[in-house]
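Have a look at start_10.tsv below; it lists TSV, C-alpha atoms.
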```tsv
chain	number	residue	atom	x	y	z
A	1	MET	CA	6.96	64.45	37.02
A	2	PRO	CA	10.13	62.33	36.95
A	3	TYR	CA	13.43	64.07	37.59
A	4	SER	CA	16.15	64.37	34.98
A	5	PRO	CA	18.23	61.23	34.45
A	6	LEU	CA	21.27	63.40	35.08
A	7	LEU	CA	20.10	63.79	38.67
A	8	VAL	CA	18.67	60.34	39.17
A	9	ASN	CA	21.22	58.07	37.50
A	10	PRO	CA	23.87	58.46	40.21
A	11	MET	CA	21.18	57.54	42.77
A	12	ARG	CA	20.33	54.43	40.78
A	13	GLU	CA	23.98	53.52	40.44
A	14	GLU	CA	24.55	53.72	44.17
A	15	LEU	CA	22.44	50.59	44.44
A	16	SER	CA	23.05	48.87	41.11
A	17	THR	CA	26.80	48.92	41.69
A	18	ALA	CA	26.19	47.26	45.04
A	19	GLY	CA	24.50	44.32	43.35
A	20	PHE	CA	20.88	45.45	43.24
A	21	GLU	CA	18.86	44.49	40.20
A	22	GLU	CA	16.92	47.46	38.89
A	23	LEU	CA	13.28	46.64	38.31
A	24	THR	CA	11.87	49.24	35.96
A	25	THR	CA	8.69	47.56	34.70
A	26	ALA	CA	5.71	45.93	36.33
A	27	ASP	CA	6.56	42.65	34.62
A	28	SER	CA	10.08	42.65	35.99
A	29	VAL	CA	8.69	43.29	39.48
A	30	ASP	CA	6.25	40.42	39.15
A	31	ALA	CA	8.95	38.08	37.92
A	32	TRP	CA	11.22	39.04	40.82
A	33	MET	CA	8.47	38.82	43.42
A	34	ASN	CA	7.13	35.54	42.12
A	35	ASN	CA	10.43	33.86	42.87
A	36	LYS	CA	9.56	33.14	46.48
A	37	GLU	CA	12.48	30.96	47.40
A	38	GLY	CA	14.91	32.17	50.05
A	39	THR	CA	15.43	35.72	51.22
A	40	ALA	CA	15.10	38.88	49.16
A	41	LEU	CA	15.56	42.58	49.85
A	42	LEU	CA	13.65	45.18	47.86
A	43	VAL	CA	14.70	48.81	48.23
A	44	ILE	CA	12.27	51.49	47.16
A	45	ASN	CA	14.69	54.20	46.14
A	46	SER	CA	13.80	57.87	46.21
A	47	VAL	CA	15.16	61.31	45.40
A	48	CYS	CA	14.04	62.57	48.83
A	49	GLY	CA	16.98	64.36	50.40
A	50	CYS	CA	16.17	63.96	54.07
A	51	ALA	CA	15.93	60.17	54.01
A	52	ALA	CA	17.28	58.66	50.80
A	53	GLY	CA	20.60	60.40	51.21
A	54	MET	CA	21.28	58.16	54.18
A	55	ALA	CA	19.26	55.19	52.96
A	56	ARG	CA	21.45	54.32	50.00
A	57	PRO	CA	24.79	54.43	51.83
A	58	GLY	CA	23.17	52.48	54.67
A	59	VAL	CA	21.98	49.79	52.29
A	60	ARG	CA	25.38	49.58	50.65
A	61	MET	CA	27.04	49.07	54.02
A	62	ALA	CA	24.49	46.51	55.09
A	63	VAL	CA	24.87	44.26	52.07
A	64	GLU	CA	28.60	44.03	52.68
A	65	HIS	CA	27.65	41.87	55.65
A	66	SER	CA	28.55	38.20	55.29
A	67	MET	CA	24.96	37.32	56.02
A	68	ARG	CA	22.67	39.03	53.57
A	69	PRO	CA	19.57	38.25	51.50
A	70	ASP	CA	19.88	35.90	48.55
A	71	ARG	CA	18.46	38.42	46.11
A	72	LEU	CA	18.64	42.22	45.95
A	73	ALA	CA	16.47	44.47	43.85
A	74	THR	CA	15.29	48.07	43.70
A	75	VAL	CA	12.54	50.18	42.22
A	76	PHE	CA	12.69	53.96	42.00
A	77	ALA	CA	9.67	55.82	43.36
A	78	GLY	CA	8.62	58.79	41.27
A	79	GLN	CA	10.73	57.58	38.36
A	80	ASP	CA	9.69	54.04	37.53
A	81	VAL	CA	6.10	54.69	38.46
A	82	GLU	CA	4.56	51.49	37.12
A	83	ALA	CA	7.20	49.28	38.69
A	84	THR	CA	6.90	51.03	42.04
A	85	ALA	CA	3.12	50.71	42.04
A	86	ARG	CA	3.39	47.02	41.26
A	87	ALA	CA	5.96	46.50	44.02
A	88	ARG	CA	3.65	48.23	46.48
A	89	GLY	CA	0.86	45.99	45.26
A	90	HIS	CA	2.86	43.03	46.51
A	91	MET	CA	2.80	44.64	49.97
A	92	ALA	CA	-0.83	45.60	50.00
A	93	ASP	CA	-1.08	46.03	53.78
A	94	VAL	CA	1.84	48.43	53.97
A	95	PRO	CA	1.32	52.14	53.30
A	96	PRO	CA	3.42	53.66	50.52
A	97	SER	CA	6.75	54.90	51.79
A	98	SER	CA	9.87	56.02	50.00
A	99	PRO	CA	12.60	55.46	50.54
A	100	SER	CA	11.88	52.18	52.28
A	101	MET	CA	13.17	48.64	52.43
A	102	ALA	CA	11.27	45.39	52.49
A	103	MET	CA	12.69	41.97	53.19
A	104	PHE	CA	10.92	38.80	52.18
A	105	LYS	CA	11.55	35.26	53.25
A	106	ASP	CA	10.02	32.53	51.13
A	107	GLY	CA	7.73	35.18	49.68
A	108	GLU	CA	6.51	36.57	53.01
A	109	LEU	CA	7.25	40.09	54.17
A	110	VAL	CA	9.33	39.67	57.33
A	111	PHE	CA	10.84	43.12	57.77
A	112	PHE	CA	9.97	46.62	56.65
A	113	LEU	CA	11.95	49.79	57.23
A	114	PRO	CA	9.76	52.76	56.34
A	115	ARG	CA	10.94	56.24	55.51
A	116	HIS	CA	10.24	57.68	58.95
A	117	ARG	CA	12.68	55.23	60.50
A	118	ILE	CA	15.39	56.43	58.11
A	119	GLU	CA	14.81	60.19	58.35
A	120	GLY	CA	17.54	61.97	60.25
A	121	ARG	CA	19.52	58.83	60.98
A	122	ALA	CA	23.10	58.18	60.02
A	123	ALA	CA	23.87	55.64	57.30
A	124	GLU	CA	25.59	53.48	59.90
A	125	ASP	CA	22.37	53.31	61.92
A	126	VAL	CA	20.35	52.30	58.87
A	127	ALA	CA	22.96	49.66	58.05
A	128	SER	CA	22.92	48.36	61.60
A	129	GLU	CA	19.16	47.91	61.60
A	130	LEU	CA	19.27	46.13	58.26
A	131	ARG	CA	22.06	43.85	59.41
A	132	GLU	CA	20.06	42.87	62.48
A	133	SER	CA	17.26	41.87	60.18
A	134	PHE	CA	19.65	39.93	57.94
A	135	GLU	CA	20.99	38.07	60.95
A	136	GLU	CA	17.48	37.23	62.07
A	137	HIS	CA	16.13	36.07	58.73
A	138	CYS	CA	19.02	35.03	56.50
A	139	ALA	CA	20.08	31.59	57.65
A	140	THR	CA	23.11	31.43	55.41
A	141	GLY	CA	25.01	34.09	53.56
A	142	SER	CA	25.26	34.30	49.80
A	143	ASN	CA	27.90	36.95	49.65
A	144	GLY	CA	30.23	35.07	47.48
B	1	MET	CA	17.51	67.09	60.80
B	2	GLY	CA	15.37	67.73	57.73
B	3	THR	CA	16.45	68.86	54.32
B	4	PHE	CA	18.35	72.08	53.98
B	5	HIS	CA	15.70	74.64	53.11
B	6	ASP	CA	16.58	77.90	54.81
B	7	ASN	CA	13.02	79.13	54.63
B	8	LYS	CA	11.45	76.07	56.26
B	9	HIS	CA	11.23	74.73	59.79
B	10	ALA	CA	13.89	72.25	60.88
B	11	LEU	CA	11.31	69.47	60.77
B	12	HIS	CA	10.65	70.05	57.06
B	13	GLY	CA	10.54	66.67	55.34
B	14	ILE	CA	10.32	64.70	58.57
B	15	THR	CA	7.35	62.50	59.41
B	16	VAL	CA	5.78	63.79	62.60
B	17	VAL	CA	2.99	63.04	65.04
B	18	VAL	CA	0.85	66.06	65.86
B	19	GLU	CA	-1.44	65.89	68.86
B	20	THR	CA	-4.26	68.35	69.32
B	21	ASP	CA	-6.39	69.56	72.18
B	22	GLY	CA	-9.42	68.10	70.41
B	23	GLY	CA	-8.14	64.56	70.79
B	24	GLU	CA	-7.11	64.15	67.18
B	25	THR	CA	-3.76	62.66	66.36
B	26	LEU	CA	-2.29	63.50	62.97
B	27	VAL	CA	0.61	61.79	61.28
B	28	GLY	CA	2.21	63.26	58.19
B	29	ARG	CA	5.29	64.73	56.64
B	30	CYS	CA	5.98	68.17	58.05
B	31	ASP	CA	6.17	70.76	55.32
B	32	ASP	CA	6.53	73.74	57.59
B	33	MET	CA	5.69	74.96	61.05
B	34	ASP	CA	5.62	78.35	62.74
B	35	ASP	CA	3.88	80.13	65.62
B	36	THR	CA	0.55	80.04	63.85
B	37	ARG	CA	0.26	76.71	62.08
B	38	VAL	CA	1.64	73.30	61.26
B	39	ILE	CA	1.47	72.18	57.63
B	40	LEU	CA	1.46	68.44	56.97
B	41	LEU	CA	1.68	66.62	53.66
B	42	ASP	CA	0.40	63.11	52.91
B	43	ALA	CA	-1.25	62.99	56.31
B	44	ASP	CA	-3.66	60.77	58.17
B	45	VAL	CA	-5.89	61.71	61.10
B	46	HIS	CA	-6.85	59.47	63.98
B	47	GLN	CA	-9.81	60.24	66.20
B	48	ALA	CA	-10.45	57.76	68.98
B	49	THR	CA	-13.86	56.09	68.71
B	50	GLU	CA	-15.47	53.20	70.56
B	51	ASP	CA	-15.15	50.79	67.64
B	52	GLY	CA	-11.87	52.01	66.18
B	53	PRO	CA	-8.27	51.46	67.24
B	54	SER	CA	-7.05	53.29	70.31
B	55	LYS	CA	-4.56	56.08	69.87
B	56	GLU	CA	-1.86	53.80	71.27
B	57	ASP	CA	-2.66	51.02	68.80
B	58	TYR	CA	-2.85	53.49	65.94
B	59	LEU	CA	0.55	54.96	66.78
B	60	ALA	CA	2.08	51.53	67.31
B	61	ARG	CA	1.10	50.50	63.80
B	62	ALA	CA	2.08	53.89	62.38
B	63	SER	CA	5.51	53.61	63.92
B	64	ARG	CA	5.99	50.18	62.40
B	65	PHE	CA	4.70	50.76	58.88
B	66	GLY	CA	3.70	54.41	58.45
B	67	VAL	CA	0.22	55.65	57.58
B	68	TRP	CA	-2.03	55.67	54.56
B	69	PRO	CA	-2.09	59.26	53.32
B	70	LYS	CA	-5.69	60.45	53.38
B	71	HIS	CA	-4.95	64.15	52.99
B	72	ARG	CA	-2.50	65.59	50.49
B	73	ARG	CA	-2.11	68.72	52.63
B	74	LEU	CA	-3.41	69.60	56.07
B	75	VAL	CA	-3.03	72.85	57.97
B	76	VAL	CA	-3.46	72.74	61.74
B	77	ALA	CA	-3.73	75.86	63.86
B	78	ARG	CA	-0.80	75.94	66.22
B	79	SER	CA	-3.11	77.07	69.03
B	80	ASN	CA	-4.78	73.64	68.85
B	81	VAL	CA	-1.52	71.70	68.86
B	82	THR	CA	-0.41	70.21	72.15
B	83	ALA	CA	2.62	68.27	70.93
B	84	VAL	CA	4.72	67.64	67.84
B	85	ARG	CA	7.23	64.81	67.78
B	86	ARG	CA	8.96	62.71	65.21
B	87	LEU	CA	7.22	59.47	64.35
B	88	GLY	CA	10.64	57.85	64.18
B	89	GLU	CA	11.07	58.50	67.89
B	90	LEU	CA	8.24	56.09	68.59
B	91	SER	CA	9.86	53.26	66.69
B	92	SER	CA	11.12	50.37	68.73
```
Starting from the file, give its structure as structure tokens.
Amino acid sequence: MPYSPLLVNPMREELSTAGFEELTTADSVDAWMNNKEGTALLVINSVCGCAAGMARPGVRMAVEHSMRPDRLATVFAGQDVEATARARGHMADVPPSSPSMAMFKDGELVFFLPRHRIEGRAAEDVASELRESFEEHCATGSNG
Amino acid sequence: MGTFHDNKHALHGITVVVETDGGETLVGRCDDMDDTRVILLDADVHQATEDGPSKEDYLARASRFGVWPKHRRLVVARSNVTAVRRLGELSS
């Protein structure tokens, strides 16, 4: 059962205020995923306290980097159920994991940070791993 | 380490690898653990077979992507457990 918006909205806003487009329907996920040009980061947000609490601040730090994906979006696992299922459908070989982060380049999954690699880590460590991926896959920044 | 539940083990909420004396390797989210049992949620079980992936290959993929949850809840007798470690520790 989804959590109360009173609890979840601040968790959504942590990402939306950092420039992430919220994808709340299957159609919006398809539209976002079907734009295959360039680099794109999809964050599967979650209420989970032991991982998401560090995931969101880590993501926010990472996207402050001068080199970052062209497009940023998020779905919320357990809240936007249809959208999350559709997003996972676009990564059919990857087991469900939330929170998690997936980066695509020209429509191909090039980096995935699953929940177990976020659990127990500091936000700075999550940000550092994301930034390494940005540097590897994002040829030019779009942080302007 | 995990979430702050006073009545749960410190690994509560953390994805762990559980190895057993029977050769099974389990990966799942630790719900709780004590002297008698380990409780895993959303778990998968690997048993080495001639035509399946080796334990090393299974864990290498698990550490990269996670596992497909085949069992909503699994309880393993602690007496059969030879090791418990965080899956995240295996990540490169």
Restrict the distance test to all atoms listed in the file, flag each residue of chain A within 10 Å of chain B, and return the flagged residues as a ChimeraX atom specification. /A:48-51,53,93-97,100,111-121
Write to file, as a PDB file, in the frame of the given file, the residues of the selection just made, with C-alpha atoms.
```
ATOM      1  CA  CYS A  48      14.040  62.570  48.830  1.00  0.00           C
ATOM      2  CA  GLY A  49      16.980  64.360  50.400  1.00  0.00           C
ATOM      3  CA  CYS A  50      16.170  63.960  54.070  1.00  0.00           C
ATOM      4  CA  ALA A  51      15.930  60.170  54.010  1.00  0.00           C
ATOM      5  CA  GLY A  53      20.600  60.400  51.210  1.00  0.00           C
ATOM      6  CA  ASP A  93      -1.080  46.030  53.780  1.00  0.00           C
ATOM      7  CA  VAL A  94       1.840  48.430  53.970  1.00  0.00           C
ATOM      8  CA  PRO A  95       1.320  52.140  53.300  1.00  0.00           C
ATOM      9  CA  PRO A  96       3.420  53.660  50.520  1.00  0.00           C
ATOM     10  CA  SER A  97       6.750  54.900  51.790  1.00  0.00           C
ATOM     11  CA  SER A 100      11.880  52.180  52.280  1.00  0.00           C
ATOM     12  CA  PHE A 111      10.840  43.120  57.770  1.00  0.00           C
ATOM     13  CA  PHE A 112       9.970  46.620  56.650  1.00  0.00           C
ATOM     14  CA  LEU A 113      11.950  49.790  57.230  1.00  0.00           C
ATOM     15  CA  PRO A 114       9.760  52.760  56.340  1.00  0.00           C
ATOM     16  CA  ARG A 115      10.940  56.240  55.510  1.00  0.00           C
ATOM     17  CA  HIS A 116      10.240  57.680  58.950  1.00  0.00           C
ATOM     18  CA  ARG A 117      12.680  55.230  60.500  1.00  0.00           C
ATOM     19  CA  ILE A 118      15.390  56.430  58.110  1.00  0.00           C
ATOM     20  CA  GLU A 119      14.810  60.190  58.350  1.00  0.00           C
ATOM     21  CA  GLY A 120      17.540  61.970  60.250  1.00  0.00           C
ATOM     22  CA  ARG A 121      19.520  58.830  60.980  1.00  0.00           C
TER      23      ARG A 121
END
```
Contacts of Met33 (chain B) within 8 Å, only C-alpha atoms, excl. fewer than 6 positions in-chain, as a list of chain:residue names: B:Lys8, B:His9, B:Leu11, B:Ile39
Go through A:Val63, A:Ala73, A:Ala52, A:Leu6 and flag the residue nearest Glu22 (chain A), using all atoms listed in the file for the distances.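 Using all atoms listed in the file, the shortest distance to Glu22 (chain A) belongs to A:Ala73.
Residue nearest Ser128 (chain A) within the list A:Ser98, A:Phe104, A:Leu72, A:Met61: A:Met61 [criterion: smallest interatomic distance, all atoms listed in the file].
As for CA of Val47 (chain A) and CA of Ala77 (chain A), they are spaced 8.0 Å apart.
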